[in-house]
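Peer 1: Supplied in structure tokens, the structure appears directly below.
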Amino acid sequence: MSDYYEVLGVSRQASAQEIKKAYHKKARQLHPDVAGPGHEEEFKAVTAAYDVLSDAEKRRMYDLGGEDAVRGNGYAGGFGGDFTDLGGIFNAFFGSGAASRGPASRSRRGQDSIVALEVELADVAFGATKTVTVDTYVTCTTCQGTCCAPGTSPVTCSECNGQGSVQHMQRSFLGNVVTSSPCRACQGFGTVIASPCPDCAGEGRQHVRADVEVNVPAGVSTGTRIRMSGRGAAGPAGGPSGDLYVEIHELADEALTREGDDLYTELRVPMTAAALGASFPLTTLDGERTVSVKAGSQGGDEVVLSGLGVGRLRRPGRGDLHVQIVVETPTRLDDRQTALLQELAALRGEDGFAPAREESLLGRLREKSRSKRR
Ligand SMILES: [Zn+2]
Ligand SMILES: [Zn+2]
């Protein structure tokens with residue numbers, strides 16, 4: 001990016017008056033009548049420099065931190081925002097006004113729409129066909145998008161003779177320049193609709209609430225947007241439809257947790273089953289399956305059921321289902337069970353430990369005071 005002072009050919013101490021004079025001189029030199037065609041970019045650069053250096057605050061920011069500081073301060077560069085005056089002059093200069101385009105078309109592309117869709121884990125795992133209800137527009141069935149009452153058609157605008165724009169003479173520092181603006185009588189369309197279609201008020205489209213079928217592929221997740229080309233709102237005056245985006249919101253599952261394409265679940269097994277080994281039924285997305293718990297399984301061990309996870313997005317195959325073993329220690333033992341466990345402990349040489357004490361805080365406090373008294 002070149003230096004704004006260099007672009008205008010002034011010193012860094014130049015006064016506001018000098019900057020204005022320099023800009024006007026440069027702009028005149030770049031006018032197509034003087035310089036010939038093809039100087040649009042130079043004119044933009046000169047005008048961008050002038051925009052900054054003619055504004056005391058922007059100039060101060062520019063002097064402090066260069067161009068970035070000015071941009072950070074809200075100056076977007078180019079023609080827009082508070083730049084419209086200069087933009088108008090640019091258009092007058094290089095003729096990108098409405099005059100060169102002719103009348104505008106009434107029909108425009110319709111808007112894109114977005115709708116949220118809640119899906120269950122099973123929908124995400126296998127893919128599903130769902131229905132969403134959208135508020136949208138369709139091309140008016142009465143006028144087929146012509147906007148005219150049946151049997152009528154648009155008439156040429158008498159204000160602009162169908163040009164869609166009117167010319168003005170505008171005084172500027174360059175002398176008189178001709179600018180054009182959209183015709184007010186026809187809003188720039190060049191034609192007037194004398195009898196608007198009664199069913200769409202001349203808009204050429206009608207508001208409807210419609211059900212749309214959505215193909216949800218396997219492997220989508222919250223935030224995934226499915227684009228349905230041409231399923232958005234119909235445009236005014238027979239314009240093409242926008243796109244419909246369906247945004248996925250995945251509902252949490254009670255039993256299964258998803259991480260990418262893999263699923264996780266817990267299987268609670270009795271201590272005895274963990275020790276001896278056993279098979280357990282488990283409800284999966286694919287129906288009931290059998291989980292084999294090996295003899296000697298520990299809490300936290302994992303049994304992987306491969307291919308029972310979520311289908312991969314736009315790829316073949318599925319993730320796995322990870323079954324995490326939780327060993328349940330028996331509680332509320334009756335006398336016989338206690339005796340059996342004690343016998344087992346003795347057999348395994350696990351009975352040499354100190355007997356468990358009352359574990360409550362109150363119990364420990366009692367113990368303490370008793371030992372103090374002794
Ligand atoms: Zn209509
Ligand atoms: Zn007109």
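In the structure tokens, the first chain shown is A, the next is B, and so on; residue numbers restart at 1 for each chain, and ligands run from 1 in the order shown.
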From a DSSP calculation on the backbone, collect every residue of range 120-193 of chain A in strand (DSSP E) and output the set as a PyMOL selection string.

Peer 2: chain A and resi 128-139+155-156+165-172+175-182+191-192

Peer 1: Residues within 9 Å of ligand 2, counting only C-alpha atoms and all ligand atoms: report them as a ChimeraX atom specification.

Peer 2: /A:103,156-166,182-192

Peer 1: Give me the residues near Glu247 in chain A as number ranges by chain, where near means some atom within 8 Å (using only C-alpha atoms) and where sequence neighbours in that chain fewer than 3 positions away do not count.

Peer 2: A: 114-117, 222-226

Peer 1: Taking C-alpha atoms for each residue, export the selection above as a compact mmCIF listing (two decimals), in the first residue's frame.

Peer 2:
```
# COMPACT_ATOMS: atom_id res chain seq x y z
CA ILE A 114 -32.54 -21.11 7.30
CA VAL A 115 -34.56 -23.46 9.46
CA ALA A 116 -33.53 -25.52 12.50
CA LEU A 117 -34.16 -29.27 12.62
CA THR A 222 -25.15 -29.97 15.67
CA GLY A 223 -24.38 -26.98 13.47
CA THR A 224 -24.21 -28.92 10.22
CA ARG A 225 -26.12 -27.01 7.53
CA ILE A 226 -27.76 -28.96 4.74
```

Peer 1: From the options A:Val214, A:Leu313, A:Cys147, A:Leu244, which residue's atoms come nearest to ligand 1, counting only C-alpha atoms and all ligand atoms?

Peer 2: A:Cys147

Peer 1: Find the nearest atom pair between each residue of chain A and ligand 1 for residues within 6 Å, count only C-alpha atoms and all ligand atoms, give distances in Å to one decimal, sort rows by chain and ascending number, and present the table as CSV.

Peer 2:
```
residue,atom,partner,partner_atom_place_in_ligand_line,distance
A:Cys140,CA,ligand 1,1 (Zn),4.5
A:Thr142,CA,ligand 1,1 (Zn),4.9
A:Cys143,CA,ligand 1,1 (Zn),4.1
A:Gly145,CA,ligand 1,1 (Zn),6.0
A:Cys147,CA,ligand 1,1 (Zn),5.0
A:Cys197,CA,ligand 1,1 (Zn),4.5
A:Asp199,CA,ligand 1,1 (Zn),5.0
A:Cys200,CA,ligand 1,1 (Zn),4.2
A:Gly202,CA,ligand 1,1 (Zn),5.8
A:Gly204,CA,ligand 1,1 (Zn),4.6
```

Peer 1: Can those selected residues be exported to a file as a PDB file, in the first residue's frame so that it contains N, CA and C atoms?

Peer 2:
```
ATOM      1  N   CYS A 140     -46.412 -16.416  -7.554  1.00  0.00           N
ATOM      2  CA  CYS A 140     -47.876 -16.255  -7.533  1.00  0.00           C
ATOM      3  C   CYS A 140     -48.509 -17.109  -8.627  1.00  0.00           C
ATOM      4  N   THR A 142     -51.574 -16.907  -9.641  1.00  0.00           N
ATOM      5  CA  THR A 142     -52.547 -16.147 -10.446  1.00  0.00           C
ATOM      6  C   THR A 142     -51.867 -15.449 -11.628  1.00  0.00           C
ATOM      7  N   CYS A 143     -50.749 -14.766 -11.344  1.00  0.00           N
ATOM      8  CA  CYS A 143     -50.094 -13.969 -12.395  1.00  0.00           C
ATOM      9  C   CYS A 143     -48.825 -14.631 -12.905  1.00  0.00           C
ATOM     10  N   GLY A 145     -46.037 -14.647 -11.676  1.00  0.00           N
ATOM     11  CA  GLY A 145     -44.856 -13.809 -11.460  1.00  0.00           C
ATOM     12  C   GLY A 145     -44.777 -12.566 -12.326  1.00  0.00           C
ATOM     13  N   CYS A 147     -46.774 -10.051 -12.041  1.00  0.00           N
ATOM     14  CA  CYS A 147     -47.221  -8.978 -11.152  1.00  0.00           C
ATOM     15  C   CYS A 147     -48.491  -8.265 -11.646  1.00  0.00           C
ATOM     16  N   CYS A 197     -51.649  -7.436  -9.849  1.00  0.00           N
ATOM     17  CA  CYS A 197     -52.338  -8.698  -9.578  1.00  0.00           C
ATOM     18  C   CYS A 197     -52.964  -8.628  -8.184  1.00  0.00           C
ATOM     19  N   ASP A 199     -53.944 -10.963  -6.194  1.00  0.00           N
ATOM     20  CA  ASP A 199     -53.612 -12.038  -5.260  1.00  0.00           C
ATOM     21  C   ASP A 199     -52.223 -11.907  -4.640  1.00  0.00           C
ATOM     22  N   CYS A 200     -51.350 -11.094  -5.250  1.00  0.00           N
ATOM     23  CA  CYS A 200     -50.003 -10.934  -4.678  1.00  0.00           C
ATOM     24  C   CYS A 200     -49.668  -9.463  -4.499  1.00  0.00           C
ATOM     25  N   GLY A 202     -49.231  -7.334  -6.642  1.00  0.00           N
ATOM     26  CA  GLY A 202     -48.251  -6.905  -7.645  1.00  0.00           C
ATOM     27  C   GLY A 202     -46.832  -7.326  -7.347  1.00  0.00           C
ATOM     28  N   GLY A 204     -45.778 -10.539  -7.379  1.00  0.00           N
ATOM     29  CA  GLY A 204     -45.426 -11.694  -8.212  1.00  0.00           C
ATOM     30  C   GLY A 204     -45.134 -12.946  -7.412  1.00  0.00           C
TER      31      GLY A 204
END
```

Peer 1: Would you mind listing what lies within 8 Å of Val208 in chain A as a list of chain:residue names, with only C-alpha atoms counted and same-chain residues fewer than 5 positions away left out?

Peer 2: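 Near Val208 in chain A, the qualifying residues are A:Asp135, A:Thr136, A:Tyr137, A:Val138.
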
Peer 1: Near Gly299 in chain A, within 7 Å and counting only C-alpha atoms, which residues show up once chain neighbours fewer than 2 positions away are dropped, as a PDB file with N, CA, C and O atoms, in the first residue's frame?

Peer 2:
```pdb
ATOM      1  N   SER A 297     -12.766 -59.269  34.623  1.00  0.00           N
ATOM      2  CA  SER A 297     -12.879 -57.887  34.122  1.00  0.00           C
ATOM      3  C   SER A 297     -12.804 -56.899  35.278  1.00  0.00           C
ATOM      4  O   SER A 297     -13.288 -57.157  36.376  1.00  0.00           O
ATOM      5  N   ASP A 301     -12.879 -51.339  32.311  1.00  0.00           N
ATOM      6  CA  ASP A 301     -12.528 -52.091  31.099  1.00  0.00           C
ATOM      7  C   ASP A 301     -13.561 -51.788  30.005  1.00  0.00           C
ATOM      8  O   ASP A 301     -14.694 -51.413  30.306  1.00  0.00           O
ATOM      9  N   ILE A 325     -17.271 -51.052  31.281  1.00  0.00           N
ATOM     10  CA  ILE A 325     -17.735 -51.918  32.363  1.00  0.00           C
ATOM     11  C   ILE A 325     -17.692 -51.164  33.693  1.00  0.00           C
ATOM     12  O   ILE A 325     -16.683 -50.562  34.043  1.00  0.00           O
ATOM     13  N   VAL A 326     -18.823 -51.180  34.381  1.00  0.00           N
ATOM     14  CA  VAL A 326     -18.871 -50.656  35.753  1.00  0.00           C
ATOM     15  C   VAL A 326     -19.170 -51.842  36.667  1.00  0.00           C
ATOM     16  O   VAL A 326     -20.187 -52.513  36.497  1.00  0.00           O
ATOM     17  N   VAL A 327     -18.237 -52.149  37.597  1.00  0.00           N
ATOM     18  CA  VAL A 327     -18.423 -53.292  38.484  1.00  0.00           C
ATOM     19  C   VAL A 327     -19.179 -52.836  39.722  1.00  0.00           C
ATOM     20  O   VAL A 327     -18.792 -51.877  40.383  1.00  0.00           O
TER      21      VAL A 327
END
```

Peer 1: Using only C-alpha atoms, which residue out of A:Leu305, A:Leu53, A:Val246, A:Leu282 lies closest to Val7 in chain A?

Peer 2: A:Leu53
